[in-house]
Amino acid sequence: MTVKQAQAGTLESGDIFIQIFPAETEGIDICLDSTVAYQFGEQIKHVICETAAQFGLSDARIEAIDKGALDCTIRARTAAAIERATGQSHFEG
């Protein structure tokens with residue numbers, strides 16, 4: 001799957017800003033900046049990885065700046081960024 005640089009989200013409170021870049025190494029590499037990383041960092045990374053897997057994305061660098069987003073927002077922003085980065089919709093099949 002070809003990946004180009006893409007982004008979704010904002011830096012507003014309650015949101016998350018997701019950027020996707022072509023992979024520098026194999027696998028999903030997540031860089032997370034969050035004020036709640038100590039408490040929820042692993043959960044945020046899990047939601048991002050789970051969403052990437054649902055789209056079949058296996059190699060990419062994902063940078064996330066979290067401002068207190070809920071899981072549903074993390075999924076939505078990650079999905080939008082992946083669709084923009086790959087040009088493929090999850091709903092196309």
# chains A, B, ... in the order shown; residues from 1 in each chain; ligands from 1
>>> select_by_dssp(residues="chain A", states="strand (DSSP E or B)", output="VMD selection string")
chain A and resid 6 to 8 16 to 21 28 to 34 60 to 66
>>> closest_residue(among="A:Ala52, A:Val47, A:Ile62, A:Leu11", to="Thr25 (chain A)", atoms="only C-alpha atoms")
A:Ile62
>>> closest_residue(among="A:Thr35, A:Thr10, A:Ser89, A:Gln19", to="Ala60 (chain A)", atoms="only C-alpha atoms")
A:Gln19
>>> select_by_dssp(residues="chain A", states="alpha helix (DSSP H)", output="PyMOL selection string")
chain A and resi 37-54+71-86
>>> write_last_selection(atoms="N, CA, C and O atoms", output="CSV table (one decimal), in the first residue's frame")
chain,number,residue,atom,x,y,z
A,37,ALA,N,-0.4,11.3,28.5
A,37,ALA,CA,0.3,10.1,28.0
A,37,ALA,C,0.6,9.1,29.1
A,37,ALA,O,0.5,7.9,29.0
A,38,TYR,N,1.0,9.7,30.3
A,38,TYR,CA,1.3,8.8,31.4
A,38,TYR,C,0.1,7.9,31.8
A,38,TYR,O,0.3,6.8,32.1
A,39,GLN,N,-1.1,8.5,31.8
A,39,GLN,CA,-2.3,7.7,32.1
A,39,GLN,C,-2.9,7.0,31.0
A,39,GLN,O,-3.4,5.8,31.1
A,40,PHE,N,-2.9,7.6,29.8
A,40,PHE,CA,-3.7,7.0,28.7
A,40,PHE,C,-2.9,6.7,27.4
A,40,PHE,O,-3.4,6.4,26.4
A,41,GLY,N,-1.6,6.9,27.5
A,41,GLY,CA,-0.7,6.8,26.3
A,41,GLY,C,-0.8,5.4,25.6
A,41,GLY,O,-0.9,5.4,24.4
A,42,GLU,N,-0.8,4.4,26.4
A,42,GLU,CA,-0.9,3.0,25.7
A,42,GLU,C,-2.3,2.8,25.1
A,42,GLU,O,-2.3,2.2,24.0
A,43,GLN,N,-3.3,3.3,25.7
A,43,GLN,CA,-4.7,3.2,25.1
A,43,GLN,C,-4.7,4.0,23.8
A,43,GLN,O,-5.3,3.5,22.8
A,44,ILE,N,-4.2,5.2,23.8
A,44,ILE,CA,-4.2,6.0,22.6
A,44,ILE,C,-3.5,5.3,21.4
A,44,ILE,O,-4.0,5.2,20.3
A,45,LYS,N,-2.3,4.8,21.8
A,45,LYS,CA,-1.5,4.1,20.7
A,45,LYS,C,-2.2,2.8,20.3
A,45,LYS,O,-2.2,2.5,19.1
A,46,HIS,N,-2.9,2.1,21.2
A,46,HIS,CA,-3.7,0.9,20.8
A,46,HIS,C,-4.8,1.3,19.8
A,46,HIS,O,-5.0,0.6,18.8
A,47,VAL,N,-5.5,2.4,20.1
A,47,VAL,CA,-6.6,2.8,19.2
A,47,VAL,C,-6.1,3.1,17.8
A,47,VAL,O,-6.6,2.8,16.8
A,48,ILE,N,-4.9,3.8,17.8
A,48,ILE,CA,-4.3,4.2,16.5
A,48,ILE,C,-3.9,2.9,15.7
A,48,ILE,O,-4.2,2.8,14.5
A,49,CYS,N,-3.2,2.0,16.4
A,49,CYS,CA,-2.8,0.7,15.8
A,49,CYS,C,-4.0,-0.1,15.3
A,49,CYS,O,-3.9,-0.7,14.2
A,50,GLU,N,-5.0,-0.2,16.1
A,50,GLU,CA,-6.2,-1.0,15.8
A,50,GLU,C,-6.9,-0.4,14.5
A,50,GLU,O,-7.3,-1.1,13.6
A,51,THR,N,-6.9,0.9,14.5
A,51,THR,CA,-7.6,1.6,13.3
A,51,THR,C,-6.7,1.4,12.0
A,51,THR,O,-7.2,1.1,11.0
A,52,ALA,N,-5.4,1.5,12.2
A,52,ALA,CA,-4.5,1.2,11.1
A,52,ALA,C,-4.7,-0.2,10.5
A,52,ALA,O,-4.7,-0.4,9.3
A,53,ALA,N,-4.8,-1.2,11.4
A,53,ALA,CA,-5.0,-2.6,11.1
A,53,ALA,C,-6.3,-2.8,10.3
A,53,ALA,O,-6.3,-3.5,9.3
A,54,GLN,N,-7.3,-2.1,10.7
A,54,GLN,CA,-8.6,-2.2,10.1
A,54,GLN,C,-8.5,-1.7,8.6
A,54,GLN,O,-9.3,-2.2,7.8
A,71,ASP,N,-11.7,8.1,22.6
A,71,ASP,CA,-11.3,7.0,21.7
A,71,ASP,C,-12.0,7.2,20.3
A,71,ASP,O,-11.4,6.9,19.3
A,72,CYS,N,-13.3,7.6,20.3
A,72,CYS,CA,-14.1,7.7,19.1
A,72,CYS,C,-13.4,8.8,18.2
A,72,CYS,O,-13.4,8.7,17.0
A,73,THR,N,-13.0,9.9,18.8
A,73,THR,CA,-12.3,10.9,18.1
A,73,THR,C,-11.0,10.5,17.5
A,73,THR,O,-10.6,10.8,16.4
A,74,ILE,N,-10.2,9.7,18.3
A,74,ILE,CA,-8.9,9.2,17.9
A,74,ILE,C,-9.1,8.3,16.7
A,74,ILE,O,-8.4,8.4,15.7
A,75,ARG,N,-10.1,7.4,16.7
A,75,ARG,CA,-10.4,6.5,15.6
A,75,ARG,C,-10.8,7.3,14.3
A,75,ARG,O,-10.3,7.1,13.2
A,76,ALA,N,-11.7,8.3,14.5
A,76,ALA,CA,-12.1,9.1,13.4
A,76,ALA,C,-11.0,9.9,12.7
A,76,ALA,O,-10.9,9.9,11.5
A,77,ARG,N,-10.2,10.5,13.5
A,77,ARG,CA,-9.0,11.3,13.0
A,77,ARG,C,-8.0,10.4,12.3
A,77,ARG,O,-7.4,10.7,11.3
A,78,THR,N,-7.7,9.3,12.9
A,78,THR,CA,-6.8,8.3,12.4
A,78,THR,C,-7.3,7.8,11.0
A,78,THR,O,-6.6,7.7,10.0
A,79,ALA,N,-8.6,7.4,11.0
A,79,ALA,CA,-9.2,6.9,9.8
A,79,ALA,C,-9.2,8.0,8.7
A,79,ALA,O,-8.8,7.7,7.5
A,80,ALA,N,-9.5,9.2,9.0
A,80,ALA,CA,-9.4,10.3,8.0
A,80,ALA,C,-8.0,10.5,7.4
A,80,ALA,O,-7.8,10.6,6.2
A,81,ALA,N,-7.0,10.5,8.3
A,81,ALA,CA,-5.6,10.6,7.9
A,81,ALA,C,-5.2,9.5,7.0
A,81,ALA,O,-4.5,9.7,6.0
A,82,ILE,N,-5.6,8.2,7.4
A,82,ILE,CA,-5.2,7.1,6.6
A,82,ILE,C,-5.9,7.1,5.2
A,82,ILE,O,-5.2,6.9,4.2
A,83,GLU,N,-7.2,7.5,5.1
A,83,GLU,CA,-7.8,7.6,3.8
A,83,GLU,C,-7.1,8.7,3.0
A,83,GLU,O,-7.0,8.5,1.8
A,84,ARG,N,-6.7,9.8,3.6
A,84,ARG,CA,-6.0,10.8,2.8
A,84,ARG,C,-4.6,10.4,2.4
A,84,ARG,O,-4.2,10.7,1.3
A,85,ALA,N,-4.0,9.6,3.2
A,85,ALA,CA,-2.6,9.1,2.9
A,85,ALA,C,-2.6,8.0,1.9
A,85,ALA,O,-1.6,7.9,1.1
A,86,THR,N,-3.6,7.2,1.8
A,86,THR,CA,-3.6,6.1,0.9
A,86,THR,C,-4.5,6.3,-0.3
A,86,THR,O,-4.4,5.5,-1.3
>>> residues_around(residues="Ile18 (chain A)", least_positions_apart="3", cutoff="6 Å", atoms="only C-alpha atoms", output="PyMOL selection string")
chain A and resi 7-8+63-64
>>> closest_residue(among="A:Val36, A:Asp59, A:Glu26, A:Gly87", to="Gly14 (chain A)", atoms="only C-alpha atoms")
A:Val36
>>> atom_distance(atom1="CA of Asp66 (chain A)", atom2="CA of Pro22 (chain A)")
20.8 Å
>>> atom_distance(atom1="CA of Lys67 (chain A)", atom2="CA of Phe21 (chain A)")
20.7 Å
>>> closest_residue(among="A:Ile20, A:Ile65, A:Leu32, A:Val3", to="Gln88 (chain A)", atoms="only C-alpha atoms")
A:Val3
>>> atom_distance(atom1="CA of Ser13 (chain A)", atom2="CA of Leu57 (chain A)")
27.6 Å
>>> closest_residue(among="A:Ser34, A:Gly56, A:Ala23, A:Gln5", to="Ala69 (chain A)", atoms="only C-alpha atoms")
A:Ser34
>>> decode(residues="region 46-75 of chain A", atoms="N, CA and C atoms", output="PDB file, in the first residue's frame")
ATOM      1  N   HIS A  46      -2.917   2.125  21.195  1.00  0.00           N
ATOM      2  CA  HIS A  46      -3.689   0.932  20.828  1.00  0.00           C
ATOM      3  C   HIS A  46      -4.797   1.279  19.839  1.00  0.00           C
ATOM      4  N   VAL A  47      -5.517   2.354  20.090  1.00  0.00           N
ATOM      5  CA  VAL A  47      -6.615   2.764  19.201  1.00  0.00           C
ATOM      6  C   VAL A  47      -6.065   3.128  17.821  1.00  0.00           C
ATOM      7  N   ILE A  48      -4.936   3.824  17.777  1.00  0.00           N
ATOM      8  CA  ILE A  48      -4.324   4.187  16.493  1.00  0.00           C
ATOM      9  C   ILE A  48      -3.903   2.929  15.738  1.00  0.00           C
ATOM     10  N   CYS A  49      -3.228   2.003  16.419  1.00  0.00           N
ATOM     11  CA  CYS A  49      -2.788   0.749  15.771  1.00  0.00           C
ATOM     12  C   CYS A  49      -3.966  -0.093  15.299  1.00  0.00           C
ATOM     13  N   GLU A  50      -4.994  -0.176  16.122  1.00  0.00           N
ATOM     14  CA  GLU A  50      -6.192  -0.951  15.767  1.00  0.00           C
ATOM     15  C   GLU A  50      -6.862  -0.372  14.518  1.00  0.00           C
ATOM     16  N   THR A  51      -6.944   0.939  14.456  1.00  0.00           N
ATOM     17  CA  THR A  51      -7.551   1.594  13.289  1.00  0.00           C
ATOM     18  C   THR A  51      -6.704   1.361  12.047  1.00  0.00           C
ATOM     19  N   ALA A  52      -5.390   1.479  12.186  1.00  0.00           N
ATOM     20  CA  ALA A  52      -4.496   1.225  11.053  1.00  0.00           C
ATOM     21  C   ALA A  52      -4.669  -0.204  10.538  1.00  0.00           C
ATOM     22  N   ALA A  53      -4.779  -1.162  11.443  1.00  0.00           N
ATOM     23  CA  ALA A  53      -4.965  -2.562  11.056  1.00  0.00           C
ATOM     24  C   ALA A  53      -6.279  -2.767  10.315  1.00  0.00           C
ATOM     25  N   GLN A  54      -7.329  -2.078  10.743  1.00  0.00           N
ATOM     26  CA  GLN A  54      -8.619  -2.193  10.068  1.00  0.00           C
ATOM     27  C   GLN A  54      -8.545  -1.710   8.626  1.00  0.00           C
ATOM     28  N   PHE A  55      -7.664  -0.773   8.359  1.00  0.00           N
ATOM     29  CA  PHE A  55      -7.483  -0.255   7.002  1.00  0.00           C
ATOM     30  C   PHE A  55      -6.440  -1.050   6.221  1.00  0.00           C
ATOM     31  N   GLY A  56      -5.788  -1.999   6.861  1.00  0.00           N
ATOM     32  CA  GLY A  56      -4.748  -2.778   6.200  1.00  0.00           C
ATOM     33  C   GLY A  56      -3.431  -2.031   6.087  1.00  0.00           C
ATOM     34  N   LEU A  57      -3.270  -0.978   6.874  1.00  0.00           N
ATOM     35  CA  LEU A  57      -2.033  -0.195   6.860  1.00  0.00           C
ATOM     36  C   LEU A  57      -1.025  -0.886   7.765  1.00  0.00           C
ATOM     37  N   SER A  58       0.085  -1.329   7.183  1.00  0.00           N
ATOM     38  CA  SER A  58       1.060  -2.079   7.977  1.00  0.00           C
ATOM     39  C   SER A  58       2.392  -1.361   8.139  1.00  0.00           C
ATOM     40  N   ASP A  59       2.687  -0.400   7.269  1.00  0.00           N
ATOM     41  CA  ASP A  59       3.958   0.317   7.331  1.00  0.00           C
ATOM     42  C   ASP A  59       3.721   1.811   7.206  1.00  0.00           C
ATOM     43  N   ALA A  60       3.982   2.551   8.289  1.00  0.00           N
ATOM     44  CA  ALA A  60       3.825   4.006   8.269  1.00  0.00           C
ATOM     45  C   ALA A  60       4.398   4.586   9.560  1.00  0.00           C
ATOM     46  N   ARG A  61       4.740   5.857   9.503  1.00  0.00           N
ATOM     47  CA  ARG A  61       5.104   6.599  10.710  1.00  0.00           C
ATOM     48  C   ARG A  61       3.927   7.506  11.024  1.00  0.00           C
ATOM     49  N   ILE A  62       3.424   7.417  12.233  1.00  0.00           N
ATOM     50  CA  ILE A  62       2.265   8.202  12.646  1.00  0.00           C
ATOM     51  C   ILE A  62       2.660   9.083  13.823  1.00  0.00           C
ATOM     52  N   GLU A  63       2.457  10.383  13.660  1.00  0.00           N
ATOM     53  CA  GLU A  63       2.704  11.327  14.738  1.00  0.00           C
ATOM     54  C   GLU A  63       1.364  11.848  15.224  1.00  0.00           C
ATOM     55  N   ALA A  64       1.166  11.812  16.531  1.00  0.00           N
ATOM     56  CA  ALA A  64      -0.102  12.225  17.119  1.00  0.00           C
ATOM     57  C   ALA A  64       0.143  13.239  18.229  1.00  0.00           C
ATOM     58  N   ILE A  65      -0.577  14.336  18.164  1.00  0.00           N
ATOM     59  CA  ILE A  65      -0.558  15.333  19.230  1.00  0.00           C
ATOM     60  C   ILE A  65      -1.960  15.347  19.822  1.00  0.00           C
ATOM     61  N   ASP A  66      -2.067  14.800  21.022  1.00  0.00           N
ATOM     62  CA  ASP A  66      -3.364  14.621  21.661  1.00  0.00           C
ATOM     63  C   ASP A  66      -3.662  15.760  22.620  1.00  0.00           C
ATOM     64  N   LYS A  67      -4.881  16.232  22.559  1.00  0.00           N
ATOM     65  CA  LYS A  67      -5.354  17.286  23.459  1.00  0.00           C
ATOM     66  C   LYS A  67      -6.565  16.809  24.256  1.00  0.00           C
ATOM     67  N   GLY A  68      -6.532  15.529  24.669  1.00  0.00           N
ATOM     68  CA  GLY A  68      -7.614  14.989  25.487  1.00  0.00           C
ATOM     69  C   GLY A  68      -8.741  14.375  24.694  1.00  0.00           C
ATOM     70  N   ALA A  69      -8.435  13.833  23.520  1.00  0.00           N
ATOM     71  CA  ALA A  69      -9.468  13.242  22.660  1.00  0.00           C
ATOM     72  C   ALA A  69      -9.977  11.919  23.221  1.00  0.00           C
ATOM     73  N   LEU A  70     -11.257  11.670  23.015  1.00  0.00           N
ATOM     74  CA  LEU A  70     -11.862  10.386  23.360  1.00  0.00           C
ATOM     75  C   LEU A  70     -11.507   9.359  22.287  1.00  0.00           C
ATOM     76  N   ASP A  71     -11.665   8.079  22.607  1.00  0.00           N
ATOM     77  CA  ASP A  71     -11.328   7.014  21.665  1.00  0.00           C
ATOM     78  C   ASP A  71     -12.038   7.173  20.320  1.00  0.00           C
ATOM     79  N   CYS A  72     -13.305   7.563  20.340  1.00  0.00           N
ATOM     80  CA  CYS A  72     -14.056   7.700  19.087  1.00  0.00           C
ATOM     81  C   CYS A  72     -13.448   8.800  18.212  1.00  0.00           C
ATOM     82  N   THR A  73     -12.950   9.853  18.813  1.00  0.00           N
ATOM     83  CA  THR A  73     -12.314  10.936  18.064  1.00  0.00           C
ATOM     84  C   THR A  73     -10.968  10.475  17.519  1.00  0.00           C
ATOM     85  N   ILE A  74     -10.227   9.726  18.316  1.00  0.00           N
ATOM     86  CA  ILE A  74      -8.937   9.196  17.873  1.00  0.00           C
ATOM     87  C   ILE A  74      -9.139   8.298  16.657  1.00  0.00           C
ATOM     88  N   ARG A  75     -10.147   7.429  16.721  1.00  0.00           N
ATOM     89  CA  ARG A  75     -10.442   6.540  15.582  1.00  0.00           C
ATOM     90  C   ARG A  75     -10.809   7.346  14.334  1.00  0.00           C
TER      91      ARG A  75
END
